[in-house]
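Here is the structure we will look at, set down as structure tokens.
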Amino acid sequence: MDNNEIISYPLMTESASVMVEKDNKLIFIVNLKAGKADIKKAVEELYAVKVSKVNLQITSQGTKKAYVKLTEEYKASDVAIKLGIL
């Protein structure tokens, strides 16, 4: 699976922006078939960062959200600014 197939798009809501600031986390809508390792690899390759942890959630709409925590040497806010979502 291609990196662009794994990650559909970044999600920015009010609560997501708090996570960016406080927890150094980004939220992405991802492919339902993608696992944590796939998502980690895709985020690291697409955005040139290191990922420390990935949590997944299936929403009531049937989409899959990935909560991606970056390692301390990278700032989620920098990635969010690059993506144009902050």
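Letters A, B, ... go to the chains of the structure tokens in the order shown; residues in each chain start at 1; ligands are counted from 1 in the same order.
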Problem - DSSP alpha helix (DSSP H) residues within range 2-84 of chain A, listed as a ChimeraX atom specification - result: /A:3-6,14-23,36-47,76-83
Take the residues just selected and output them with C-alpha atoms as a PDB file, in the first residue's frame.
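And here is the file that came out, result15.pdb:
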```
ATOM      1  CA  ASN A   3       1.841   6.117   1.754  1.00  0.00           C
ATOM      2  CA  ASN A   4      -0.742   8.375   0.126  1.00  0.00           C
ATOM      3  CA  GLU A   5      -3.266   5.530   0.159  1.00  0.00           C
ATOM      4  CA  ILE A   6      -2.644   4.903   3.871  1.00  0.00           C
ATOM      5  CA  GLU A  14     -10.773  22.348  18.141  1.00  0.00           C
ATOM      6  CA  SER A  15      -9.851  19.316  20.249  1.00  0.00           C
ATOM      7  CA  ALA A  16      -7.235  18.244  17.681  1.00  0.00           C
ATOM      8  CA  SER A  17      -5.537  21.653  17.905  1.00  0.00           C
ATOM      9  CA  VAL A  18      -5.329  21.246  21.699  1.00  0.00           C
ATOM     10  CA  MET A  19      -3.665  17.837  21.164  1.00  0.00           C
ATOM     11  CA  VAL A  20      -1.149  19.410  18.775  1.00  0.00           C
ATOM     12  CA  GLU A  21      -0.173  21.983  21.405  1.00  0.00           C
ATOM     13  CA  LYS A  22      -0.339  19.891  24.602  1.00  0.00           C
ATOM     14  CA  ASP A  23       0.396  16.293  23.581  1.00  0.00           C
ATOM     15  CA  LYS A  36      -0.247   0.954  13.271  1.00  0.00           C
ATOM     16  CA  ALA A  37       3.097   0.009  11.683  1.00  0.00           C
ATOM     17  CA  ASP A  38       1.873   1.106   8.206  1.00  0.00           C
ATOM     18  CA  ILE A  39       0.662   4.441   9.558  1.00  0.00           C
ATOM     19  CA  LYS A  40       3.879   5.064  11.521  1.00  0.00           C
ATOM     20  CA  LYS A  41       6.004   4.373   8.438  1.00  0.00           C
ATOM     21  CA  ALA A  42       3.806   6.539   6.190  1.00  0.00           C
ATOM     22  CA  VAL A  43       3.837   9.539   8.569  1.00  0.00           C
ATOM     23  CA  GLU A  44       7.609   9.289   9.062  1.00  0.00           C
ATOM     24  CA  GLU A  45       8.244   9.126   5.309  1.00  0.00           C
ATOM     25  CA  LEU A  46       5.704  11.766   4.225  1.00  0.00           C
ATOM     26  CA  TYR A  47       6.478  14.385   6.879  1.00  0.00           C
ATOM     27  CA  ALA A  76       3.444  18.543  15.859  1.00  0.00           C
ATOM     28  CA  SER A  77       2.681  22.264  15.437  1.00  0.00           C
ATOM     29  CA  ASP A  78       5.486  22.574  12.836  1.00  0.00           C
ATOM     30  CA  VAL A  79       3.991  19.696  10.818  1.00  0.00           C
ATOM     31  CA  ALA A  80       0.480  21.147  11.184  1.00  0.00           C
ATOM     32  CA  ILE A  81       1.708  24.530   9.901  1.00  0.00           C
ATOM     33  CA  LYS A  82       3.407  22.827   6.924  1.00  0.00           C
ATOM     34  CA  LEU A  83       0.140  21.023   6.173  1.00  0.00           C
TER      35      LEU A  83
END
```
Exercise for the section: Please return as a VMD selection string: the residues of range 6-36 of chain A that backbone DSSP assigns to strand (DSSP E or B). Expected result: chain A and resid 7 to 11 25 to 30
Expected file: the selected residues, N, CA and C atoms, as an mmCIF file, in the first residue's frame:
```
data_model
loop_
_atom_site.group_PDB
_atom_site.id
_atom_site.type_symbol
_atom_site.label_atom_id
_atom_site.label_comp_id
_atom_site.auth_asym_id
_atom_site.auth_seq_id
_atom_site.Cartn_x
_atom_site.Cartn_y
_atom_site.Cartn_z
ATOM 1 N N ILE A 7 -2.690 7.289 4.332
ATOM 2 C CA ILE A 7 -3.168 8.501 4.991
ATOM 3 C C ILE A 7 -4.070 9.267 4.039
ATOM 4 N N SER A 8 -5.361 9.360 4.405
ATOM 5 C CA SER A 8 -6.310 10.084 3.558
ATOM 6 C C SER A 8 -6.128 11.587 3.697
ATOM 7 N N TYR A 9 -6.217 12.099 4.939
ATOM 8 C CA TYR A 9 -6.026 13.529 5.175
ATOM 9 C C TYR A 9 -5.860 13.803 6.664
ATOM 10 N N PRO A 10 -5.228 14.939 7.000
ATOM 11 C CA PRO A 10 -5.103 15.319 8.415
ATOM 12 C C PRO A 10 -6.427 15.889 8.908
ATOM 13 N N LEU A 11 -6.701 15.723 10.175
ATOM 14 C CA LEU A 11 -7.949 16.214 10.760
ATOM 15 C C LEU A 11 -7.619 17.338 11.723
ATOM 16 N N LYS A 25 0.622 15.664 19.327
ATOM 17 C CA LYS A 25 -0.050 14.647 18.521
ATOM 18 C C LYS A 25 -0.715 15.272 17.303
ATOM 19 N N LEU A 26 -0.748 14.495 16.233
ATOM 20 C CA LEU A 26 -1.490 14.858 15.028
ATOM 21 C C LEU A 26 -2.565 13.800 14.815
ATOM 22 N N ILE A 27 -3.676 14.191 14.212
ATOM 23 C CA ILE A 27 -4.741 13.236 13.936
ATOM 24 C C ILE A 27 -4.934 13.152 12.425
ATOM 25 N N PHE A 28 -4.974 11.921 11.936
ATOM 26 C CA PHE A 28 -5.179 11.681 10.506
ATOM 27 C C PHE A 28 -6.348 10.736 10.318
ATOM 28 N N ILE A 29 -7.079 10.920 9.221
ATOM 29 C CA ILE A 29 -8.047 9.917 8.780
ATOM 30 C C ILE A 29 -7.250 8.989 7.877
ATOM 31 N N VAL A 30 -7.323 7.691 8.171
ATOM 32 C CA VAL A 30 -6.485 6.720 7.463
ATOM 33 C C VAL A 30 -7.330 5.611 6.844
#
```
